[in-house]
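The structure file model39.txt is reproduced below (compact mmCIF, C-alpha atoms and all ligand atoms).
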# COMPACT_ATOMS: atom_id res chain seq x y z
CA MET A 4 78.01 62.68 131.61
CA ASP A 5 79.02 60.64 134.64
CA PRO A 6 82.66 59.73 134.98
CA VAL A 7 83.52 56.08 135.69
CA THR A 8 86.02 57.25 138.24
CA THR A 9 87.74 60.35 139.51
CA ILE A 10 91.43 60.46 140.17
CA THR A 11 91.87 61.67 143.75
CA ASN A 12 94.95 63.73 143.00
CA LYS A 13 92.86 66.00 140.84
CA ARG A 14 94.33 68.66 138.69
CA GLN A 15 92.35 71.86 138.84
CA TYR A 16 91.93 74.16 135.92
CA ASP A 17 94.90 76.38 136.36
CA THR A 18 93.67 79.88 136.96
CA THR A 19 96.19 80.61 139.65
CA THR A 20 99.63 81.98 139.02
CA ASP A 21 102.73 80.42 140.49
CA TRP A 22 104.74 83.54 141.28
CA GLU A 23 107.92 81.48 141.70
CA LYS A 24 107.81 80.94 137.93
CA CYS A 25 107.71 83.26 134.95
CA MET A 26 104.44 85.23 135.27
CA LEU A 27 103.76 84.72 131.56
CA CYS A 28 104.67 81.20 130.48
CA GLN A 29 104.45 79.64 133.97
CA THR A 30 107.01 77.04 133.02
CA ALA A 31 110.13 76.23 134.97
CA GLN A 32 112.41 76.60 131.99
CA PRO A 33 116.04 76.69 133.03
CA CYS A 34 116.32 80.28 131.92
CA THR A 35 117.31 83.10 134.18
CA LEU A 36 114.29 84.87 135.56
CA SER A 37 114.31 88.64 135.80
CA LYS A 38 112.54 90.70 138.43
CA LEU A 39 109.73 92.87 137.15
CA GLY A 40 110.21 96.61 137.71
CA LYS A 41 107.55 99.29 137.99
CA GLN A 42 107.88 100.26 134.33
CA GLY A 43 107.79 96.62 133.26
CA LEU A 44 104.64 96.09 135.29
CA GLU A 45 102.93 98.98 133.56
CA LYS A 46 103.99 97.65 130.15
CA VAL A 47 102.62 94.20 130.95
CA GLN A 48 99.35 95.67 132.25
CA HIS A 49 99.02 97.75 129.11
CA ALA A 50 99.71 94.71 126.92
CA ILE A 51 97.09 92.67 128.82
CA LYS A 52 94.54 95.42 128.27
CA LEU A 53 95.26 95.71 124.54
CA ARG A 54 95.49 91.98 123.92
CA PHE A 55 92.14 91.57 125.67
CA GLU A 56 90.59 94.33 123.60
CA TYR A 57 91.92 92.90 120.36
CA ARG A 58 90.68 89.45 121.26
CA ASP A 59 94.04 87.76 121.28
CA LEU A 60 93.00 84.14 121.60
CA SER A 61 96.59 82.92 121.53
CA SER A 62 97.28 84.49 124.92
CA LEU A 63 93.77 84.18 126.34
CA GLN A 64 94.94 81.95 129.17
CA ILE A 65 97.62 84.42 130.27
CA ILE A 66 95.15 87.29 129.98
CA GLU A 67 92.44 85.56 132.02
CA ARG A 68 94.91 84.36 134.62
CA LEU A 69 96.46 87.79 135.11
CA GLN A 70 93.20 89.70 134.88
CA ALA A 71 91.87 87.60 137.75
CA VAL A 72 94.33 89.23 140.14
CA ASN A 73 95.33 92.73 141.12
CA LEU A 74 98.82 92.87 139.61
CA SER A 75 99.69 96.23 141.15
CA GLU A 76 98.92 94.91 144.63
CA ILE A 77 100.89 91.73 144.04
CA TYR A 78 103.79 93.79 142.76
CA GLU A 79 103.85 95.68 146.09
CA THR A 80 104.01 92.50 148.17
CA ILE A 81 106.19 90.02 146.28
CA SER A 82 108.70 90.12 143.47
CA ILE A 83 107.17 89.17 140.14
CA GLN A 84 109.46 87.26 137.80
CA TYR A 85 109.62 86.79 134.05
CA HIS A 86 111.70 85.45 131.20
CA ARG A 87 113.07 88.28 129.06
CA LYS A 88 111.91 86.45 125.92
CA CYS A 89 108.35 85.96 127.23
CA TYR A 90 108.18 89.60 128.31
CA SER A 91 109.44 91.00 125.04
CA ASP A 92 107.07 88.82 123.02
CA PHE A 93 104.08 89.67 125.17
CA THR A 94 104.66 93.43 125.18
CA ASN A 95 105.91 93.60 121.59
CA GLY A 96 104.29 96.65 120.00
CA THR A 97 104.50 95.29 116.46
CA LEU A 98 102.73 92.08 117.40
CA ILE A 99 100.01 93.99 119.26
CA GLU A 100 99.66 96.35 116.32
CA ARG A 101 99.09 93.33 114.09
CA LEU A 102 96.38 92.08 116.45
CA ARG A 103 94.71 95.45 116.28
CA HIS A 104 94.68 95.45 112.48
CA LYS A 105 93.22 91.98 112.43
CA PHE A 106 90.63 92.85 115.03
CA GLN A 107 89.58 96.07 113.35
CA ASN A 108 89.29 94.45 109.95
CA GLN A 109 87.00 91.84 111.41
CA HIS A 110 84.91 94.02 113.66
CA GLN A 111 84.51 97.46 112.13
CA PRO A 112 81.15 97.85 110.42
CA SER A 113 81.83 98.41 106.71
CA GLY A 114 81.87 102.06 105.76
CA SER A 115 83.08 103.20 109.14
CA VAL A 116 86.69 102.02 108.92
CA SER A 117 88.80 105.10 109.14
CA THR A 118 92.29 104.90 107.76
CA SER A 119 93.56 107.36 110.34
CA SER A 120 92.69 105.06 113.22
CA ILE A 121 94.39 102.13 111.50
CA THR A 122 97.67 103.90 110.94
CA ASN A 123 97.57 105.38 114.42
CA SER A 124 100.14 104.32 116.98
CA VAL A 125 99.24 101.27 119.03
CA THR A 126 99.99 102.91 122.33
CA GLU A 127 97.47 105.66 121.72
CA PRO A 128 94.64 104.36 119.57
CA GLN A 129 92.37 107.18 118.51
CA HIS A 130 89.23 105.33 119.49
CA PRO A 131 90.35 102.65 121.91
CA ILE A 132 87.76 99.98 122.55
CA SER A 133 87.81 100.07 126.31
CA ARG A 134 87.37 97.00 128.43
CA ARG A 135 84.24 98.68 129.70
CA THR A 136 82.80 98.76 126.18
CA LEU A 137 83.57 95.08 125.86
CA GLN A 138 81.98 94.06 129.08
CA ALA A 139 79.18 96.47 129.70
CA LEU A 140 76.48 97.23 127.21
CA ASP A 141 75.71 100.87 126.43
CA LYS A 142 71.94 100.61 126.22
CA ASN A 143 71.62 103.74 124.13
CA LEU A 144 73.62 102.22 121.31
CA CYS A 145 73.17 99.31 118.95
CA ILE A 146 74.13 96.14 120.86
CA PHE A 147 76.17 94.91 117.90
CA CYS A 148 78.29 97.86 116.79
CA GLN A 149 78.02 100.02 119.94
CA THR A 150 78.65 103.09 117.79
CA HIS A 151 76.59 105.95 116.44
CA TYR A 152 77.52 105.02 112.89
CA VAL A 153 75.50 105.88 109.79
CA SER A 154 72.06 106.39 111.20
CA LYS A 155 70.74 106.88 114.66
CA VAL A 156 67.70 104.80 113.84
CA THR A 157 67.77 101.74 116.02
CA ASN A 158 65.13 99.13 116.66
CA LEU A 159 64.25 97.87 120.08
CA VAL A 160 64.27 94.14 120.71
CA MET A 161 60.55 93.54 121.05
CA THR A 162 59.99 89.79 121.04
CA LYS A 163 61.22 86.95 123.19
CA PRO A 164 62.27 84.75 120.21
CA MET A 165 64.33 87.65 118.90
CA SER A 166 65.94 88.17 122.28
CA ASP A 167 66.64 84.44 122.67
CA LYS A 168 68.09 84.20 119.20
CA ILE A 169 70.51 87.08 119.73
CA LEU A 170 71.59 85.77 123.13
CA GLN A 171 72.08 82.31 121.71
CA LEU A 172 74.13 83.53 118.75
CA ALA A 173 76.12 85.79 121.05
CA GLN A 174 77.49 82.69 122.75
CA HIS A 175 79.49 82.02 119.60
CA ASP A 176 81.19 85.39 119.62
CA PHE A 177 83.80 86.42 122.18
CA ILE A 178 82.98 90.15 122.17
CA MET A 179 79.22 89.70 122.23
CA ARG A 180 79.47 87.07 124.94
CA CYS A 181 81.40 89.51 127.14
CA ARG A 182 79.10 92.39 126.29
CA LEU A 183 75.86 90.55 126.98
CA ALA A 184 77.14 88.57 129.96
CA GLY A 185 74.53 88.48 132.70
CA ILE A 186 71.68 89.55 130.42
CA SER A 187 68.98 86.94 130.02
CA ASP A 188 66.32 89.09 128.42
CA LEU A 189 67.05 91.79 125.87
CA ILE A 190 63.52 93.17 125.99
CA ALA A 191 63.90 93.93 129.69
CA ALA A 192 67.40 95.24 129.01
CA ASP A 193 66.06 97.64 126.35
CA GLY A 194 68.34 96.13 123.71
CA ARG A 195 68.61 98.20 120.54
CA TYR A 196 70.04 97.29 117.18
CA HIS A 197 70.57 98.47 113.64
CA LEU A 198 68.82 96.09 111.32
CA LYS A 199 71.95 96.00 109.16
CA CYS A 200 74.14 95.08 112.15
CA TYR A 201 71.69 92.40 113.24
CA SER A 202 71.64 90.81 109.76
CA ARG A 203 75.40 90.99 109.45
CA PHE A 204 75.95 89.42 112.88
CA THR A 205 73.41 86.65 112.30
CA LEU A 206 74.92 85.83 108.94
CA LYS A 207 78.47 85.90 110.29
CA ILE A 208 77.72 83.55 113.19
CA GLN A 209 75.63 81.18 111.12
CA THR A 210 78.35 81.03 108.47
CA ASP A 211 80.94 80.44 111.19
CA ILE A 212 78.90 77.62 112.63
CA VAL A 213 78.21 75.93 109.31
CA SER A 214 81.71 76.35 107.93
CA SER A 215 83.34 75.28 111.11
CA SER A 216 84.70 71.79 110.61
CA ALA A 217 84.17 71.05 114.27
CA ASP A 218 80.42 71.14 114.78
CA VAL A 219 78.72 72.72 117.76
CA CYS A 220 78.12 69.40 119.49
CA MET A 221 81.73 68.40 119.18
CA VAL A 222 82.82 71.73 120.65
CA SER A 223 80.42 71.30 123.60
CA LEU A 224 81.61 67.76 124.10
CA VAL A 225 85.27 68.74 124.06
CA ASN A 226 84.55 71.52 126.56
CA GLU A 227 82.75 69.11 128.86
CA LEU A 228 85.52 66.55 128.57
CA ASP A 229 88.23 69.13 129.06
CA ASN A 230 86.53 70.44 132.18
CA GLY A 231 85.94 66.92 133.54
CA LEU A 232 89.48 65.78 132.82
CA HIS A 233 90.90 68.79 134.63
CA TRP A 234 89.01 67.57 137.67
CA GLY A 235 90.44 64.09 137.27
CA ASN A 236 87.29 62.44 135.87
CA ILE A 237 87.72 59.38 133.70
CA TYR A 238 85.12 58.46 131.06
CA THR A 239 84.54 55.40 128.94
CA LEU A 240 84.60 55.87 125.19
CA GLN A 241 81.06 54.48 125.09
CA ASP A 242 79.77 57.21 127.45
CA VAL A 243 81.56 59.89 125.45
CA TRP A 244 79.94 58.65 122.26
CA GLN A 245 76.52 58.48 123.92
CA ARG A 246 76.93 62.03 125.21
CA TYR A 247 77.84 63.20 121.71
CA ARG A 248 74.67 61.65 120.33
CA ASP A 249 72.57 63.22 123.10
CA LEU A 250 74.06 66.62 122.29
CA GLN A 251 73.25 66.13 118.60
CA LEU A 252 69.68 65.32 119.55
CA GLU A 253 69.40 68.44 121.74
CA GLU A 254 70.94 70.59 119.01
CA ASP A 255 68.50 69.21 116.47
CA ILE A 256 65.55 70.04 118.74
CA VAL A 257 66.84 73.57 119.33
CA ALA A 258 67.38 74.09 115.60
CA LYS A 259 63.88 72.85 114.74
CA ALA A 260 62.29 74.96 117.51
CA GLY A 261 64.16 77.94 116.04
CA VAL A 262 62.62 77.32 112.63
CA TYR A 263 59.09 77.18 114.04
CA LYS A 264 59.53 80.26 116.23
CA ASN A 265 60.86 82.48 113.49
ZN ZN B 1 108.39 82.64 130.52
ZN ZN B 2 74.79 98.84 114.84
How would this structure read if it were set down as structure tokens?
Ligand SMILES: [Zn+2]
Ligand SMILES: [Zn+2]
Amino acid sequence: MDPVTTITNKRQYDTTTDWEKCMLCQTAQPCTLSKLGKQGLEKVQHAIKLRFEYRDLSSLQIIERLQAVNLSEIYETISIQYHRKCYSDFTNGTLIERLRHKFQNQHQPSGSVSTSSITNSVTEPQHPISRRTLQALDKNLCIFCQTHYVSKVTNLVMTKPMSDKILQLAQHDFIMRCRLAGISDLIAADGRYHLKCYSRFTLKIQTDIVSSSADVCMVSLVNELDNGLHWGNIYTLQDVWQRYRDLQLEEDIVAKAGVYKN
């Protein structure tokens, strides 16, 4: 979609941190800023790690912004500042514990939820889902559950349509998107799966898509607009509408191709 004009004083998508402000909220609220100590730094780093693992969408921007830098190195060179309220909310163990419960309820394959890991302390989860697990695929395990649960019988992704379908559906899921990032062919990547996990994932995503009040095209459109607007692009309503219709057309073609392939 071509913008009608671009504002010269463009506002970039804010991935950088202004270290003069609170590291968390990044606002210049007239509150006294405190200087982050070594222990505070470790607590924040730990909270970032856990919130990332438990897919905390509410603080995704903070997480992405702070994960993009080496906090320990920055701590050595400048003084990092924060609002006490922002810090205590972000590192709050009870809130993080709640995120973990929510995450585990949504992502544990049924039958493998262990009560001991749920009641375990948040600071030392019995089976922490490491950032590595999130981002890198363990090729010996099922791509969906990444565990050895129930049976060791896993199927290899053998066909291109199957590979494409999984990769396409994975785009709708935060964890799977991270895990399969950079993989364009699951056959070449020796992707394995439990049939049960595959069915569950497919059903979950398809249900999400259908039940979502904002359809896929609208989400794509909003993303495009959001990105463009951050760069100062201005669009006419007519172009936006046309783009929406084009996206619907593309989506329809993809959906129909999917039916024929499978
Ligand atoms: Zn703040
Ligand atoms: Zn599995």
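In this model, the gap between atom CA of Trp234 of chain A and atom CA of Leu183 of chain A comes to 28.6 Å.
For ligand ZN 2 (chain B), the neighbouring protein, DNA and RNA residues, which are those within 7 Å when only C-alpha atoms and all ligand atoms are counted, are Cys145, Ile146, Phe147, Cys148, Gln149, Thr150, Tyr196, His197, Lys199 and Cys200 of chain A.
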Could those selected residues go to a file with C-alpha atoms, as a tab-separated table (two decimals), in the coordinates of the input?
chain	number	residue	atom	x	y	z
A	145	CYS	CA	73.17	99.31	118.95
A	146	ILE	CA	74.13	96.14	120.86
A	147	PHE	CA	76.17	94.91	117.90
A	148	CYS	CA	78.29	97.86	116.79
A	149	GLN	CA	78.02	100.02	119.94
A	150	THR	CA	78.65	103.09	117.79
A	196	TYR	CA	70.04	97.29	117.18
A	197	HIS	CA	70.57	98.47	113.64
A	199	LYS	CA	71.95	96.00	109.16
A	200	CYS	CA	74.14	95.08	112.15
* Asked: Which residues form the shell of 7 Å around ligand ZN 1 (chain B) when you count only C-alpha atoms and all ligand atoms, given as a PyMOL selection string?
  -> chain A and resi 25-30+85-86+88-89
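Going from atom CA of Gly43 of chain A over to atom CA of Asp21 of chain A, you cover 18.4 Å.
Across the model, the gap from atom CA of Gln84 of chain A to atom CA of Lys38 of chain A is 4.7 Å.
For Ile190 of chain A, the set of protein, DNA and RNA residues having any atom at most 10 Å away, when counting all atoms listed in the file and skipping those fewer than 4 positions along the same chain, is Leu159, Val160, Met161, Thr162, Lys163, Met165, Ser166, Asp167, Ile186, Gly194 and Arg195 of chain A.
Among A:Leu39, A:Glu100, A:Asp188, A:Met179, the residue with the shortest atom-to-atom distance to Glu79 of chain A, counting only C-alpha atoms, is A:Leu39.
Nearest residue to Thr210 of chain A among A:His175, A:Gly231, A:Ile81, A:Leu240 is A:His175, counting all atoms listed in the file.
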* Asked: Near Leu228 of chain A, counting only C-alpha atoms, which residues have an atom at most 9 Å away, once you skip same-chain residues fewer than 5 positions from it, shown as a list of chain:residue names?
  -> A:Met4, A:Ser223, A:His233, A:Asn236, A:Tyr238, A:Val243
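Ranking A:Ile99, A:Gln251, A:Pro33, A:Tyr78 by their shortest atom-to-atom distance to Asp59 of chain A, with all atoms listed in the file included, puts A:Ile99 first.
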* Structure fact -> Among A:Val7, A:Val219, A:Leu189, A:Leu206, Pro164 of chain A is approached most closely, using all atoms listed in the file, by A:Leu189
* Do a neighbour search on Thr19 of chain A at 10 Å with only C-alpha atoms, toss out local chain neighbours closer than 4 positions, and write the hits as a ChimeraX atom specification. => /A:15,67-69,71-72
* To do: Go through A:Arg54, A:Arg87, A:Arg248, A:Lys142 and flag the residue nearest Arg101 of chain A, using all atoms listed in the file for the distances.
  => A:Arg54
